[in-house]
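J.: My file is my_file22.txt. It has compact mmCIF, C-alpha atoms:
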# COMPACT_ATOMS: atom_id res chain seq x y z
CA MET R 1 0.00 0.00 0.00
CA ASN R 2 1.38 3.35 -1.07
CA ILE R 3 -0.02 6.48 0.57
CA TRP R 4 -0.76 9.41 -1.76
CA VAL R 5 -1.58 12.90 -0.49
CA ASP R 6 -3.39 15.66 -2.35
CA ALA R 7 -1.05 18.03 -0.54
CA ASP R 8 -1.99 21.51 -1.77
CA ALA R 9 -4.84 21.89 0.72
CA CYS R 10 -3.80 19.27 3.27
CA PRO R 11 -3.35 20.78 6.76
CA ALA R 12 0.21 20.75 8.12
CA VAL R 13 -0.86 18.79 11.22
CA ILE R 14 -2.19 16.03 8.96
CA LYS R 15 1.07 15.93 7.01
CA ASP R 16 2.93 15.55 10.31
CA ILE R 17 0.70 12.62 11.28
CA LEU R 18 1.32 11.06 7.87
CA TYR R 19 5.12 11.46 8.14
CA ARG R 20 5.13 9.59 11.44
CA ALA R 21 2.70 6.93 10.16
CA ALA R 22 4.81 6.29 7.05
CA GLN R 23 7.89 5.69 9.20
CA ARG R 24 6.03 3.55 11.74
CA SER R 25 4.27 1.41 9.12
CA GLN R 26 7.15 1.45 6.62
CA ARG R 27 4.76 2.55 3.85
CA PRO R 28 5.85 4.84 1.00
CA LEU R 29 4.27 8.29 1.28
CA THR R 30 4.04 10.64 -1.70
CA LEU R 31 2.78 14.20 -1.38
CA VAL R 32 1.64 15.75 -4.66
CA ALA R 33 1.30 19.53 -4.99
CA ASN R 34 1.77 22.34 -7.46
CA GLN R 35 4.20 24.03 -5.10
CA MET R 36 7.50 23.00 -3.54
CA LEU R 37 7.03 21.04 -0.32
CA ARG R 38 9.50 20.30 2.44
CA THR R 39 9.43 16.78 3.78
CA PRO R 40 11.47 15.06 6.47
CA PRO R 41 14.51 13.18 5.19
CA SER R 42 13.38 9.60 4.67
CA PRO R 43 13.62 7.08 1.85
CA LEU R 44 9.89 6.45 2.38
CA ILE R 45 8.71 10.05 1.99
CA ARG R 46 8.83 12.08 -1.19
CA ALA R 47 7.18 15.16 -2.62
CA VAL R 48 6.21 15.55 -6.27
CA GLN R 49 5.75 19.04 -7.64
CA VAL R 50 3.41 19.16 -10.63
CA PRO R 51 2.79 22.17 -12.89
CA ARG R 52 0.14 24.67 -11.85
CA GLY R 53 -3.24 24.11 -13.40
CA PHE R 54 -6.73 22.87 -12.78
CA ASP R 55 -6.67 19.28 -11.40
CA VAL R 56 -3.03 18.65 -12.41
CA ALA R 57 -2.17 17.20 -8.98
CA ASP R 58 -5.40 15.18 -8.97
CA ASP R 59 -4.64 13.78 -12.42
CA TYR R 60 -1.14 12.79 -11.31
CA ILE R 61 -2.51 10.95 -8.29
CA VAL R 62 -5.16 9.13 -10.34
CA GLU R 63 -2.57 8.13 -12.94
CA HIS R 64 -0.15 6.69 -10.37
CA THR R 65 -2.55 5.16 -7.84
CA VAL R 66 -3.18 1.42 -8.01
CA ALA R 67 -5.72 -0.82 -6.29
CA GLY R 68 -4.99 -1.11 -2.58
CA ASP R 69 -3.28 2.29 -2.29
CA LEU R 70 -4.53 4.94 0.12
CA VAL R 71 -5.28 8.50 -1.03
CA ILE R 72 -5.65 11.37 1.43
CA THR R 73 -7.83 14.12 -0.05
CA ALA R 74 -10.69 16.49 0.66
CA ASP R 75 -11.45 16.57 -3.08
CA ILE R 76 -14.63 14.53 -3.65
CA PRO R 77 -14.15 14.00 -7.43
CA LEU R 78 -10.58 12.80 -6.81
CA ALA R 79 -11.81 10.42 -4.12
CA SER R 80 -14.40 9.08 -6.57
CA GLU R 81 -11.76 8.47 -9.24
CA VAL R 82 -9.38 6.57 -6.98
CA LEU R 83 -12.22 4.51 -5.52
CA ARG R 84 -13.04 3.39 -9.07
CA LYS R 85 -9.45 2.18 -9.36
CA GLY R 86 -9.81 0.08 -6.21
CA ALA R 87 -7.85 2.41 -3.93
CA LEU R 88 -8.93 3.60 -0.49
CA ALA R 89 -9.72 7.26 0.14
CA LEU R 90 -9.68 9.19 3.39
CA SER R 91 -10.39 12.86 4.07
CA PRO R 92 -8.06 14.95 6.26
CA ARG R 93 -10.93 15.05 8.77
CA GLY R 94 -10.92 11.25 9.07
CA GLU R 95 -13.94 10.49 6.89
CA ARG R 96 -13.47 7.34 4.86
CA TYR R 97 -14.94 7.64 1.39
CA THR R 98 -16.59 4.45 0.16
CA ALA R 99 -18.32 3.30 -3.00
CA ASP R 100 -21.59 3.57 -1.06
CA SER R 101 -21.04 7.13 0.20
CA ILE R 102 -19.27 8.79 -2.72
CA SER R 103 -22.34 9.29 -4.93
CA GLU R 104 -24.14 11.20 -2.19
CA ARG R 105 -21.01 13.27 -1.47
CA LEU R 106 -20.71 14.14 -5.18
CA SER R 107 -24.37 15.19 -5.30
CA VAL R 108 -24.02 17.45 -2.26
CA ARG R 109 -20.82 18.94 -3.69
CA ASP R 110 -22.52 19.66 -7.02
CA MET R 111 -25.53 21.23 -5.31
CA MET R 112 -23.30 23.49 -3.21
CA GLU R 113 -21.36 24.47 -6.33
CA GLU R 114 -24.63 25.45 -8.06
CA LEU R 115 -25.68 27.53 -5.06
CA ARG R 116 -22.34 29.33 -4.98
CA SER R 117 -22.46 30.03 -8.72
CA ALA R 118 -25.95 31.50 -8.21
CA GLY R 119 -24.49 33.92 -5.68
CA VAL R 120 -25.62 32.18 -2.50
CA ASP R 121 -23.12 32.48 0.34
CA THR R 122 -22.81 28.89 1.55
CA GLY R 123 -19.99 29.59 3.96
CA GLY R 124 -17.05 27.24 4.08
CA PRO R 125 -16.10 24.18 5.97
CA PRO R 126 -15.78 24.50 9.73
CA ALA R 127 -12.34 25.30 11.13
CA PHE R 128 -10.04 22.31 11.43
CA SER R 129 -10.24 21.12 15.03
CA GLN R 130 -8.44 18.88 17.48
CA ALA R 131 -11.33 16.41 17.09
CA ASP R 132 -10.75 16.36 13.31
CA ARG R 133 -7.08 15.65 13.88
CA ARG R 134 -7.89 12.78 16.27
CA ALA R 135 -10.50 11.37 13.88
CA PHE R 136 -7.96 11.38 11.06
CA ALA R 137 -5.23 9.76 13.15
CA ASN R 138 -7.62 7.03 14.33
CA ALA R 139 -9.00 6.32 10.84
CA LEU R 140 -5.47 6.24 9.37
CA ASP R 141 -4.28 3.89 12.09
CA GLN R 142 -7.22 1.53 11.48
CA LEU R 143 -6.50 1.42 7.72
CA LEU R 144 -2.79 0.83 8.25
CA GLN R 145 -3.42 -1.90 10.83
CA LYS R 146 -5.82 -3.60 8.43
CA ALA R 147 -3.22 -3.41 5.65
CA LEU R 148 -0.57 -4.85 7.99
CA ARG R 149 -2.82 -7.78 8.90
CA LYS R 150 -3.48 -8.36 5.20
CA ASP R 151 0.27 -8.26 4.46
CA ASN R 152 1.02 -10.70 7.27
CA ALA R 153 -1.76 -13.06 6.17
CA GLY R 154 -0.26 -13.12 2.68
CA ARG R 155 3.14 -14.15 4.09
CA VAL R 156 1.83 -17.18 5.99
Take the structure from the file and write it as structure tokens.
T.:
Amino acid sequence: MNIWVDADACPAVIKDILYRAAQRSQRPLTLVANQMLRTPPSPLIRAVQVPRGFDVADDYIVEHTVAGDLVITADIPLASEVLRKGALALSPRGERYTADSISERLSVRDMMEELRSAGVDTGGPPAFSQADRRAFANALDQLLQKALRKDNAGRV
């Protein structure tokens, strides 16, 4: 399992959790962004800078993700694309996207987009909280533990 991060909008505290998790679980972690990123020195952690442009980072992640990988993103269309490829998707707030939930999430996203384009002030997401950070860390740990059990079962 490789871990891919849609890093342009990923909170720094989430990146820090991911750096530690990559080292602990010995999983490759790739952050993809259209800006230069600093990462801790580790053979497991790398940053890929893609050109600026609409969905360039998303397209890179979709192109390189394979079934069984984990993608960290708040981008609902990106989550939908990687789910179709058989990857796992997790939001920085700890919400696991699934084949069952993604259609509803896409519909809500599209409706909100229509409201905003009609001039309705829909506000933004709530501020990132300590509870969000804990939810993400717990969800990530569960997914990594599950992957470890799967790896160990395959070695028996």
J.: Please list as a list in words every residue within 7 Å of Ala47 of chain R, counting all atoms listed in the file and excluding residues in the same chain fewer than 3 positions away.
T.: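 Those residues are Thr30, Leu31, Val32, Leu37 and Thr39 of chain R.
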J.: Find the residues around Tyr97 of chain R up to 9 Å (all atoms listed in the file counted), leave out those fewer than 6 positions away in its own chain, and share them as a list in words.
T.: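 So, after excluding close chain neighbours, the residues are Ile76, Ala79, Ser80, Leu83, Leu88, Ala89, Leu90, Ser91 and Arg105 of chain R.
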J.: Would you mind telling me which residue in R:Ala131, R:Ala57, R:Ala22, R:Ala67 lies nearest to Gly94 of chain R when using only C-alpha atoms?
T.: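 Of R:Ala131, R:Ala57, R:Ala22, R:Ala67, the one nearest Gly94 of chain R is R:Ala131, counting only C-alpha atoms.
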J.: Just to confirm, what's the straight-line distance from atom CA of Asp59 of chain R to atom CA of Leu18 of chain R in Å (one decimal)?
T.: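 Atom-to-atom, atom CA of Asp59 of chain R to atom CA of Leu18 of chain R, that is 21.3 Å.
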J.: Measure the distance from atom CA of Ala12 of chain R to atom CA of Asp141 of chain R in Å and round it to one decimal.
T.: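 So the two atoms, atom CA of Ala12 of chain R and atom CA of Asp141 of chain R, lie 17.9 Å apart.
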